[in-house]
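Dumped structure-v8.txt below, it's compact mmCIF, N, CA and C atoms:
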# COMPACT_ATOMS: atom_id res chain seq x y z
N MET A 1 25.81 76.14 -71.41
CA MET A 1 26.74 76.41 -72.47
C MET A 1 27.14 75.06 -73.08
N ASP A 2 27.09 74.99 -74.41
CA ASP A 2 27.44 73.73 -75.05
C ASP A 2 28.97 73.57 -75.15
N ASN A 3 29.39 72.38 -75.50
CA ASN A 3 30.80 72.04 -75.53
C ASN A 3 31.58 72.87 -76.55
N GLU A 4 31.01 73.11 -77.71
CA GLU A 4 31.69 73.89 -78.75
C GLU A 4 31.92 75.34 -78.30
N THR A 5 30.95 75.90 -77.63
CA THR A 5 31.10 77.28 -77.12
C THR A 5 32.19 77.33 -76.06
N ALA A 6 32.21 76.35 -75.19
CA ALA A 6 33.23 76.29 -74.15
C ALA A 6 34.63 76.16 -74.76
N LYS A 7 34.77 75.33 -75.80
CA LYS A 7 36.06 75.19 -76.48
C LYS A 7 36.49 76.51 -77.12
N HIS A 8 35.55 77.18 -77.75
CA HIS A 8 35.84 78.46 -78.40
C HIS A 8 36.29 79.50 -77.37
N LEU A 9 35.58 79.59 -76.27
CA LEU A 9 35.93 80.55 -75.22
C LEU A 9 37.29 80.23 -74.61
N TRP A 10 37.59 78.94 -74.42
CA TRP A 10 38.88 78.55 -73.86
C TRP A 10 40.01 78.92 -74.83
N ALA A 11 39.77 78.71 -76.12
CA ALA A 11 40.78 79.08 -77.13
C ALA A 11 41.00 80.59 -77.13
N LEU A 12 39.95 81.37 -77.01
CA LEU A 12 40.09 82.82 -76.95
C LEU A 12 40.86 83.25 -75.71
N ARG A 13 40.63 82.58 -74.61
CA ARG A 13 41.36 82.89 -73.38
C ARG A 13 42.86 82.64 -73.57
N LYS A 14 43.20 81.53 -74.22
CA LYS A 14 44.60 81.22 -74.48
C LYS A 14 45.24 82.25 -75.41
N VAL A 15 44.51 82.64 -76.45
CA VAL A 15 45.01 83.66 -77.37
C VAL A 15 45.24 84.97 -76.64
N ASN A 16 44.31 85.37 -75.82
CA ASN A 16 44.47 86.61 -75.05
C ASN A 16 45.69 86.55 -74.14
N GLY A 17 45.92 85.41 -73.51
CA GLY A 17 47.09 85.26 -72.66
C GLY A 17 48.39 85.43 -73.42
N VAL A 18 48.44 84.85 -74.61
CA VAL A 18 49.64 84.97 -75.44
C VAL A 18 49.83 86.41 -75.91
N LEU A 19 48.75 87.08 -76.28
CA LEU A 19 48.86 88.48 -76.69
C LEU A 19 49.34 89.37 -75.55
N ILE A 20 48.85 89.14 -74.36
CA ILE A 20 49.28 89.91 -73.19
C ILE A 20 50.77 89.67 -72.93
N GLN A 21 51.20 88.42 -73.03
CA GLN A 21 52.62 88.12 -72.82
C GLN A 21 53.47 88.82 -73.88
N GLY A 22 53.00 88.87 -75.11
CA GLY A 22 53.72 89.57 -76.16
C GLY A 22 53.85 91.05 -75.88
N LEU A 23 52.79 91.65 -75.37
CA LEU A 23 52.84 93.07 -75.01
C LEU A 23 53.80 93.32 -73.86
N ARG A 24 53.79 92.44 -72.88
CA ARG A 24 54.74 92.57 -71.76
C ARG A 24 56.18 92.48 -72.26
N THR A 25 56.42 91.55 -73.16
CA THR A 25 57.76 91.40 -73.71
C THR A 25 58.17 92.64 -74.49
N ALA A 26 57.26 93.18 -75.29
CA ALA A 26 57.56 94.39 -76.05
C ALA A 26 57.89 95.56 -75.13
N ILE A 27 57.15 95.70 -74.05
CA ILE A 27 57.41 96.77 -73.09
C ILE A 27 58.78 96.57 -72.45
N SER A 28 59.09 95.35 -72.09
CA SER A 28 60.38 95.06 -71.47
C SER A 28 61.53 95.39 -72.41
N VAL A 29 61.38 95.01 -73.66
CA VAL A 29 62.42 95.30 -74.65
C VAL A 29 62.59 96.80 -74.82
N ARG A 30 61.49 97.53 -74.90
CA ARG A 30 61.57 98.99 -75.05
C ARG A 30 62.23 99.64 -73.84
N GLU A 31 61.95 99.13 -72.66
CA GLU A 31 62.54 99.70 -71.45
C GLU A 31 64.05 99.44 -71.37
N LYS A 32 64.50 98.32 -71.95
CA LYS A 32 65.91 97.94 -71.88
C LYS A 32 66.62 98.14 -73.22
N GLU A 33 66.01 98.87 -74.11
CA GLU A 33 66.54 99.03 -75.46
C GLU A 33 67.99 99.53 -75.46
N GLU A 34 68.30 100.45 -74.58
CA GLU A 34 69.65 101.02 -74.52
C GLU A 34 70.69 99.98 -74.11
N GLU A 35 70.30 98.97 -73.36
CA GLU A 35 71.23 97.95 -72.87
C GLU A 35 71.52 96.87 -73.91
N LEU A 36 70.68 96.77 -74.93
CA LEU A 36 70.82 95.70 -75.91
C LEU A 36 71.84 96.07 -76.98
N THR A 37 72.55 95.05 -77.45
CA THR A 37 73.47 95.27 -78.56
C THR A 37 72.64 95.49 -79.83
N PRO A 38 73.21 96.16 -80.82
CA PRO A 38 72.46 96.35 -82.07
C PRO A 38 72.01 95.04 -82.71
N GLU A 39 72.85 94.02 -82.61
CA GLU A 39 72.49 92.72 -83.19
C GLU A 39 71.30 92.10 -82.46
N ARG A 40 71.32 92.19 -81.13
CA ARG A 40 70.21 91.63 -80.33
C ARG A 40 68.93 92.40 -80.60
N ARG A 41 69.02 93.70 -80.68
CA ARG A 41 67.84 94.52 -80.97
C ARG A 41 67.24 94.14 -82.31
N LYS A 42 68.12 93.97 -83.32
CA LYS A 42 67.64 93.62 -84.65
C LYS A 42 66.98 92.24 -84.64
N SER A 43 67.58 91.28 -83.92
CA SER A 43 66.99 89.93 -83.90
C SER A 43 65.63 89.94 -83.21
N LEU A 44 65.46 90.76 -82.20
CA LEU A 44 64.16 90.85 -81.53
C LEU A 44 63.11 91.49 -82.42
N LEU A 45 63.51 92.44 -83.23
CA LEU A 45 62.57 93.10 -84.14
C LEU A 45 62.15 92.18 -85.26
N MET A 46 63.00 91.24 -85.62
CA MET A 46 62.70 90.32 -86.72
C MET A 46 61.73 89.21 -86.32
N LEU A 47 61.56 89.01 -85.01
CA LEU A 47 60.65 87.96 -84.55
C LEU A 47 59.28 88.34 -84.91

Spell out the structure here as structure tokens.
Amino acid sequence: MDNETAKHLWALRKVNGVLIQGLRTAISVREKEEELTPERRKSLLML
């Protein structure tokens, strides 16, 4: 595997990690939605 391919694959791995973390955060927010103040809920939706 050449260096450019390795760089591309590593970048994709990082992107996938960030996307997974975003999904985990979204699930956590949905599970705790009732506990959040309306202002906090709105600020999280605006991100």

Study note, to complete from the structure: atom CA of A:Met46 to atom N of A:Arg13 measures 26.3 Å

Review point. What separation in Å, quoted to one decimal, exists between atom CA of A:Val29 and atom CA of A:Leu44?
Key: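 About the pair atom CA of A:Val29 and atom CA of A:Leu44: they are 8.4 Å apart.
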
Practice item. Could you please determine the separation between atom N of A:Lys42 and atom N of A:Val18 in Å, to one decimal place? Key: 23.4 Å
